[in-house]
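Below: one structure, written as structure tokens.
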Amino acid sequence: RTNTNPLRKVEKAEERGKQKRKRRALTELEVERLLERDGPNRLAYFLAVTTGLRRGELEQLTWGDVQLDESAPYVLARASTTKNKKEERVALTDEIAEELASYRPDDPLPSSPVLPNGIRRMRDLKKDFEKAGIVYCDDKGLYADFHSLRHTCATYMSKNGVSPVLVKKHMRHSNMKQTERYT
């Protein structure tokens, strides 16, 4: 036994911004093919593409977080579930608001999960992507995985003329460099 901790001066490694894989946004055709397939992850894919929420945020999303009866529907990304530990309202498009309304139980408990079965692991998602004709790793070495749906959200917003500042806010990035990597 030692009297002192030999690791006391070792600092925690900073991993943010050091991606292991370069990801790509999906094309409009790939998204259409992915969403036309009915399956257990369809709602998760649709939510990820339209809201830009991360996998963990989606898995912890409850019906109490979903506000469909507002004039501008939104989901609440709670501070306890977000990466930056800040609460944020994430706007919903009319299409995803309608989809959520059709999935919502008649009288859901606020604590009931929106995705009660969670989101399947990547090996299962790869099968969904394959069936939709989405290549996991393209010829440029860019990957298409669940987090790519977040890249897709930011890219679509940018392509459709949304100001970079609003894209940054919607994606809940702390700086524009992060947003630029996504678009």
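Here's how to read the names in the structure tokens: chain A, B, ... by the order shown, residue numbers from 1 in each chain, ligand numbers from 1 in the order shown.
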
Could you pull out the strand (DSSP E or B) residues of region 2-108 of chain A, going by DSSP on the backbone, and write them as a ChimeraX atom specification?
/A:23,62,66-67,74-77,88-91

Could you write out that same residue set with N, CA and C atoms as a short mmCIF file (atom, residue, chain, number, x, y, z; two decimals), in the first residue's frame?
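What ended up in again.cif:
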data_model
loop_
_atom_site.label_atom_id
_atom_site.label_comp_id
_atom_site.auth_asym_id
_atom_site.auth_seq_id
_atom_site.Cartn_x
_atom_site.Cartn_y
_atom_site.Cartn_z
N ARG A 23 -18.34 11.75 -39.78
CA ARG A 23 -19.69 11.39 -40.18
C ARG A 23 -20.15 12.28 -41.33
N THR A 62 -39.59 12.20 -22.57
CA THR A 62 -40.87 11.73 -22.02
C THR A 62 -42.02 12.54 -22.61
N VAL A 66 -42.93 16.78 -24.33
CA VAL A 66 -43.48 17.04 -25.67
C VAL A 66 -44.67 17.99 -25.53
N GLN A 67 -44.56 19.15 -26.14
CA GLN A 67 -45.62 20.16 -26.08
C GLN A 67 -46.22 20.35 -27.47
N TYR A 74 -43.10 22.15 -29.53
CA TYR A 74 -41.69 21.94 -29.24
C TYR A 74 -41.52 20.74 -28.31
N VAL A 75 -40.29 20.28 -28.21
CA VAL A 75 -39.93 19.32 -27.16
C VAL A 75 -38.92 20.02 -26.27
N LEU A 76 -38.98 19.69 -25.01
CA LEU A 76 -38.07 20.28 -24.04
C LEU A 76 -36.89 19.34 -23.85
N ALA A 77 -35.72 19.81 -24.19
CA ALA A 77 -34.50 19.05 -23.92
C ALA A 77 -34.09 19.47 -22.50
N GLU A 88 -33.35 23.46 -23.01
CA GLU A 88 -33.61 24.18 -24.25
C GLU A 88 -34.90 23.66 -24.90
N ARG A 89 -35.68 24.58 -25.44
CA ARG A 89 -36.84 24.19 -26.24
C ARG A 89 -36.38 23.94 -27.66
N VAL A 90 -36.77 22.79 -28.20
CA VAL A 90 -36.39 22.43 -29.56
C VAL A 90 -37.67 22.42 -30.40
N ALA A 91 -37.72 23.32 -31.38
CA ALA A 91 -38.90 23.49 -32.22
C ALA A 91 -39.20 22.23 -33.03
#

Need the shell around region 104-112 of chain A: protein/DNA/RNA residues with any atom at most 12 Å away, counting only C-alpha atoms. Skip same-chain ones fewer than 5 positions apart. Format as a PyMOL selection string?
chain A and resi 43+59-68+96-99+117-118

N, CA and C atoms of the current selection, written as a PDB file, in the first residue's frame:
ATOM      1  N   LEU A  43     -39.867   6.296 -35.694  1.00  0.00           N
ATOM      2  CA  LEU A  43     -40.110   7.540 -34.970  1.00  0.00           C
ATOM      3  C   LEU A  43     -38.798   8.136 -34.453  1.00  0.00           C
ATOM      4  N   GLU A  59     -33.652   8.970 -26.048  1.00  0.00           N
ATOM      5  CA  GLU A  59     -34.004   7.827 -25.202  1.00  0.00           C
ATOM      6  C   GLU A  59     -34.621   8.273 -23.878  1.00  0.00           C
ATOM      7  N   GLN A  60     -34.276   9.476 -23.422  1.00  0.00           N
ATOM      8  CA  GLN A  60     -34.809   9.982 -22.156  1.00  0.00           C
ATOM      9  C   GLN A  60     -35.998  10.930 -22.346  1.00  0.00           C
ATOM     10  N   LEU A  61     -36.426  11.128 -23.574  1.00  0.00           N
ATOM     11  CA  LEU A  61     -37.551  12.023 -23.870  1.00  0.00           C
ATOM     12  C   LEU A  61     -38.845  11.412 -23.336  1.00  0.00           C
ATOM     13  N   THR A  62     -39.586  12.199 -22.566  1.00  0.00           N
ATOM     14  CA  THR A  62     -40.866  11.728 -22.018  1.00  0.00           C
ATOM     15  C   THR A  62     -42.015  12.543 -22.614  1.00  0.00           C
ATOM     16  N   TRP A  63     -43.224  12.030 -22.433  1.00  0.00           N
ATOM     17  CA  TRP A  63     -44.383  12.744 -22.976  1.00  0.00           C
ATOM     18  C   TRP A  63     -44.587  14.082 -22.267  1.00  0.00           C
ATOM     19  N   GLY A  64     -44.072  14.233 -21.057  1.00  0.00           N
ATOM     20  CA  GLY A  64     -44.118  15.524 -20.363  1.00  0.00           C
ATOM     21  C   GLY A  64     -43.238  16.564 -21.028  1.00  0.00           C
ATOM     22  N   ASP A  65     -42.230  16.114 -21.794  1.00  0.00           N
ATOM     23  CA  ASP A  65     -41.333  17.019 -22.514  1.00  0.00           C
ATOM     24  C   ASP A  65     -41.909  17.473 -23.852  1.00  0.00           C
ATOM     25  N   VAL A  66     -42.926  16.784 -24.335  1.00  0.00           N
ATOM     26  CA  VAL A  66     -43.485  17.038 -25.669  1.00  0.00           C
ATOM     27  C   VAL A  66     -44.675  17.986 -25.535  1.00  0.00           C
ATOM     28  N   GLN A  67     -44.564  19.146 -26.143  1.00  0.00           N
ATOM     29  CA  GLN A  67     -45.620  20.159 -26.077  1.00  0.00           C
ATOM     30  C   GLN A  67     -46.218  20.354 -27.473  1.00  0.00           C
ATOM     31  N   LEU A  68     -47.277  19.606 -27.758  1.00  0.00           N
ATOM     32  CA  LEU A  68     -47.888  19.652 -29.089  1.00  0.00           C
ATOM     33  C   LEU A  68     -49.050  20.635 -29.178  1.00  0.00           C
ATOM     34  N   ILE A  96     -43.453  16.396 -37.902  1.00  0.00           N
ATOM     35  CA  ILE A  96     -43.078  15.576 -36.741  1.00  0.00           C
ATOM     36  C   ILE A  96     -44.077  15.775 -35.608  1.00  0.00           C
ATOM     37  N   ALA A  97     -44.665  16.965 -35.502  1.00  0.00           N
ATOM     38  CA  ALA A  97     -45.692  17.192 -34.482  1.00  0.00           C
ATOM     39  C   ALA A  97     -46.901  16.288 -34.748  1.00  0.00           C
ATOM     40  N   GLU A  98     -47.302  16.176 -36.015  1.00  0.00           N
ATOM     41  CA  GLU A  98     -48.418  15.282 -36.378  1.00  0.00           C
ATOM     42  C   GLU A  98     -48.068  13.827 -36.098  1.00  0.00           C
ATOM     43  N   GLU A  99     -46.841  13.450 -36.418  1.00  0.00           N
ATOM     44  CA  GLU A  99     -46.386  12.074 -36.182  1.00  0.00           C
ATOM     45  C   GLU A  99     -46.397  11.754 -34.685  1.00  0.00           C
ATOM     46  N   ASN A 117     -39.277   1.535 -26.106  1.00  0.00           N
ATOM     47  CA  ASN A 117     -38.316   0.450 -26.341  1.00  0.00           C
ATOM     48  C   ASN A 117     -36.906   0.968 -26.590  1.00  0.00           C
ATOM     49  N   GLY A 118     -36.701   2.261 -26.388  1.00  0.00           N
ATOM     50  CA  GLY A 118     -35.388   2.855 -26.615  1.00  0.00           C
ATOM     51  C   GLY A 118     -35.039   2.876 -28.098  1.00  0.00           C
TER      52      GLY A 118
END

Could you name the residues that touch region 173-180 of chain A at 9 Å or less, counting only C-alpha atoms, but leaving out those on the same chain fewer than 5 positions away, as an MDAnalysis selection string?
chainID A and resid 17 84 154 164:165 167:168

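Distances here use only C-alpha atoms; by that measure, the residue among A:Arg181, A:Arg24, A:Arg42, A:Lys12 closest to Leu100 (chain A) is A:Arg42.
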
Can you pull out every residue within 12 Å of Glu36 (chain A), counting only C-alpha atoms, but drop anything in the same chain fewer than 4 positions away, and send it as a ChimeraX atom specification?
/A:29-32,41-43,45-46,128-129,131-132

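Candidate residues A:Asp38, A:Leu142, A:Tyr156, A:Ser163 were compared for distance to Lys20 (chain A), and the nearest is A:Leu142, using only C-alpha atoms.
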
Residues within 10 Å of Thr82 (chain A), please, as a list in words. Count only C-alpha atoms; anything in the same chain fewer than 5 positions from it doesn't count.
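In the requested form, the answer reads Leu53, Arg54, Gly56, Glu57, Leu58, Gln60, Ala77, Glu87, Glu88 and Arg172 of chain A.
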
Next, dump the selected residues to file, keeping only all heavy atoms, as a PDB file, in the first residue's frame.
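Result file follows (selection_13.pdb):
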ATOM      1  N   LEU A  53     -31.873  16.077 -31.960  1.00  0.00           N
ATOM      2  CA  LEU A  53     -31.591  15.564 -30.624  1.00  0.00           C
ATOM      3  C   LEU A  53     -30.634  14.383 -30.697  1.00  0.00           C
ATOM      4  O   LEU A  53     -30.669  13.596 -31.645  1.00  0.00           O
ATOM      5  CB  LEU A  53     -32.882  15.133 -29.915  1.00  0.00           C
ATOM      6  CG  LEU A  53     -33.831  16.260 -29.504  1.00  0.00           C
ATOM      7  CD1 LEU A  53     -35.145  15.697 -28.997  1.00  0.00           C
ATOM      8  CD2 LEU A  53     -33.187  17.137 -28.451  1.00  0.00           C
ATOM      9  N   ARG A  54     -29.785  14.271 -29.700  1.00  0.00           N
ATOM     10  CA  ARG A  54     -28.832  13.163 -29.628  1.00  0.00           C
ATOM     11  C   ARG A  54     -29.546  11.889 -29.181  1.00  0.00           C
ATOM     12  O   ARG A  54     -30.622  11.947 -28.599  1.00  0.00           O
ATOM     13  CB  ARG A  54     -27.729  13.507 -28.628  1.00  0.00           C
ATOM     14  CG  ARG A  54     -26.885  14.684 -29.037  1.00  0.00           C
ATOM     15  CD  ARG A  54     -25.916  15.071 -27.908  1.00  0.00           C
ATOM     16  NE  ARG A  54     -25.099  16.198 -28.302  1.00  0.00           N
ATOM     17  CZ  ARG A  54     -25.430  17.468 -28.097  1.00  0.00           C
ATOM     18  NH1 ARG A  54     -26.565  17.771 -27.500  1.00  0.00           N
ATOM     19  NH2 ARG A  54     -24.636  18.445 -28.483  1.00  0.00           N
ATOM     20  N   GLY A  56     -29.018   9.819 -26.670  1.00  0.00           N
ATOM     21  CA  GLY A  56     -29.338   9.790 -25.242  1.00  0.00           C
ATOM     22  C   GLY A  56     -30.489  10.717 -24.883  1.00  0.00           C
ATOM     23  O   GLY A  56     -31.301  10.401 -24.017  1.00  0.00           O
ATOM     24  N   GLU A  57     -30.550  11.851 -25.544  1.00  0.00           N
ATOM     25  CA  GLU A  57     -31.641  12.800 -25.295  1.00  0.00           C
ATOM     26  C   GLU A  57     -32.963  12.215 -25.766  1.00  0.00           C
ATOM     27  O   GLU A  57     -33.989  12.369 -25.100  1.00  0.00           O
ATOM     28  CB  GLU A  57     -31.350  14.123 -26.009  1.00  0.00           C
ATOM     29  CG  GLU A  57     -30.133  14.841 -25.451  1.00  0.00           C
ATOM     30  CD  GLU A  57     -29.605  15.953 -26.335  1.00  0.00           C
ATOM     31  OE1 GLU A  57     -29.992  16.046 -27.515  1.00  0.00           O
ATOM     32  OE2 GLU A  57     -28.779  16.740 -25.843  1.00  0.00           O
ATOM     33  N   LEU A  58     -32.936  11.536 -26.903  1.00  0.00           N
ATOM     34  CA  LEU A  58     -34.156  10.904 -27.420  1.00  0.00           C
ATOM     35  C   LEU A  58     -34.607   9.755 -26.526  1.00  0.00           C
ATOM     36  O   LEU A  58     -35.800   9.586 -26.277  1.00  0.00           O
ATOM     37  CB  LEU A  58     -33.943  10.400 -28.848  1.00  0.00           C
ATOM     38  CG  LEU A  58     -33.872  11.470 -29.927  1.00  0.00           C
ATOM     39  CD1 LEU A  58     -33.425  10.865 -31.248  1.00  0.00           C
ATOM     40  CD2 LEU A  58     -35.213  12.162 -30.080  1.00  0.00           C
ATOM     41  N   GLN A  60     -34.276   9.476 -23.422  1.00  0.00           N
ATOM     42  CA  GLN A  60     -34.809   9.982 -22.156  1.00  0.00           C
ATOM     43  C   GLN A  60     -35.998  10.930 -22.346  1.00  0.00           C
ATOM     44  O   GLN A  60     -36.514  11.471 -21.364  1.00  0.00           O
ATOM     45  CB  GLN A  60     -33.696  10.685 -21.382  1.00  0.00           C
ATOM     46  CG  GLN A  60     -32.585   9.727 -20.974  1.00  0.00           C
ATOM     47  CD  GLN A  60     -31.480  10.443 -20.244  1.00  0.00           C
ATOM     48  OE1 GLN A  60     -31.696  10.961 -19.153  1.00  0.00           O
ATOM     49  NE2 GLN A  60     -30.305  10.485 -20.847  1.00  0.00           N
ATOM     50  N   ALA A  77     -35.719  19.808 -24.194  1.00  0.00           N
ATOM     51  CA  ALA A  77     -34.497  19.054 -23.918  1.00  0.00           C
ATOM     52  C   ALA A  77     -34.092  19.468 -22.505  1.00  0.00           C
ATOM     53  O   ALA A  77     -33.624  20.584 -22.285  1.00  0.00           O
ATOM     54  CB  ALA A  77     -33.418  19.396 -24.932  1.00  0.00           C
ATOM     55  N   GLU A  87     -31.102  23.496 -20.268  1.00  0.00           N
ATOM     56  CA  GLU A  87     -32.443  23.209 -20.774  1.00  0.00           C
ATOM     57  C   GLU A  87     -32.700  24.055 -22.020  1.00  0.00           C
ATOM     58  O   GLU A  87     -32.303  25.223 -22.071  1.00  0.00           O
ATOM     59  CB  GLU A  87     -33.460  23.548 -19.685  1.00  0.00           C
ATOM     60  CG  GLU A  87     -34.872  23.176 -20.042  1.00  0.00           C
ATOM     61  CD  GLU A  87     -35.789  23.345 -18.852  1.00  0.00           C
ATOM     62  OE1 GLU A  87     -35.785  22.472 -17.969  1.00  0.00           O
ATOM     63  OE2 GLU A  87     -36.493  24.373 -18.812  1.00  0.00           O
ATOM     64  N   GLU A  88     -33.348  23.461 -23.006  1.00  0.00           N
ATOM     65  CA  GLU A  88     -33.613  24.180 -24.254  1.00  0.00           C
ATOM     66  C   GLU A  88     -34.896  23.660 -24.899  1.00  0.00           C
ATOM     67  O   GLU A  88     -35.152  22.459 -24.901  1.00  0.00           O
ATOM     68  CB  GLU A  88     -32.434  23.982 -25.205  1.00  0.00           C
ATOM     69  CG  GLU A  88     -32.466  24.836 -26.441  1.00  0.00           C
ATOM     70  CD  GLU A  88     -32.176  26.298 -26.161  1.00  0.00           C
ATOM     71  OE1 GLU A  88     -31.242  26.599 -25.416  1.00  0.00           O
ATOM     72  OE2 GLU A  88     -32.900  27.143 -26.717  1.00  0.00           O
ATOM     73  N   ARG A 172     -27.854  23.463 -30.384  1.00  0.00           N
ATOM     74  CA  ARG A 172     -27.354  23.650 -29.029  1.00  0.00           C
ATOM     75  C   ARG A 172     -25.836  23.523 -28.951  1.00  0.00           C
ATOM     76  O   ARG A 172     -25.281  22.915 -28.055  1.00  0.00           O
ATOM     77  CB  ARG A 172     -28.048  22.692 -28.055  1.00  0.00           C
ATOM     78  CG  ARG A 172     -29.528  23.007 -27.939  1.00  0.00           C
ATOM     79  CD  ARG A 172     -30.357  21.953 -27.269  1.00  0.00           C
ATOM     80  NE  ARG A 172     -30.510  20.809 -28.167  1.00  0.00           N
ATOM     81  CZ  ARG A 172     -30.053  19.588 -27.901  1.00  0.00           C
ATOM     82  NH1 ARG A 172     -29.465  19.325 -26.781  1.00  0.00           N
ATOM     83  NH2 ARG A 172     -30.221  18.612 -28.768  1.00  0.00           N
TER      84      ARG A 172
END

Compare A:Arg21, A:Thr93, A:Leu34, A:Leu7 by their minimum atom-to-atom distance to Glu130 (chain A), counting only C-alpha atoms, and give me the closest one.
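For Glu130 (chain A), the nearest of the given residues is A:Leu34.
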
Point out the residue among A:Ala25, A:Ile119, A:Val49, A:Tyr103 with the least atom-to-atom distance to Tyr136 (chain A), counting only C-alpha atoms.
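Looking at the shortest contact to Tyr136 (chain A), the residue is A:Ala25.
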
Would you mind writing down, as a VMD selection string, each residue of chain A that DSSP on the backbone assigns to alpha helix (DSSP H)?
chain A and resid 28 to 36 42 to 51 55 to 59 94 to 103 122 to 131 148 to 159 164 to 171 176 to 182

All residues 8 Å or closer to Asp145 (chain A), only C-alpha atoms, same chain fewer than 3 positions away omitted, as an MDAnalysis selection string
chainID A and resid 23 122 125:126 136 148:149

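Taking CA of Leu166 (chain A) and CA of Ala101 (chain A) as the two end points, the separation is 25.8 Å.
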
Nearest to His170 (chain A) by atom-to-atom distance, counting only C-alpha atoms, from A:Ser102, A:Thr155, A:Thr51, A:Thr183:
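Closest candidate: A:Thr51.
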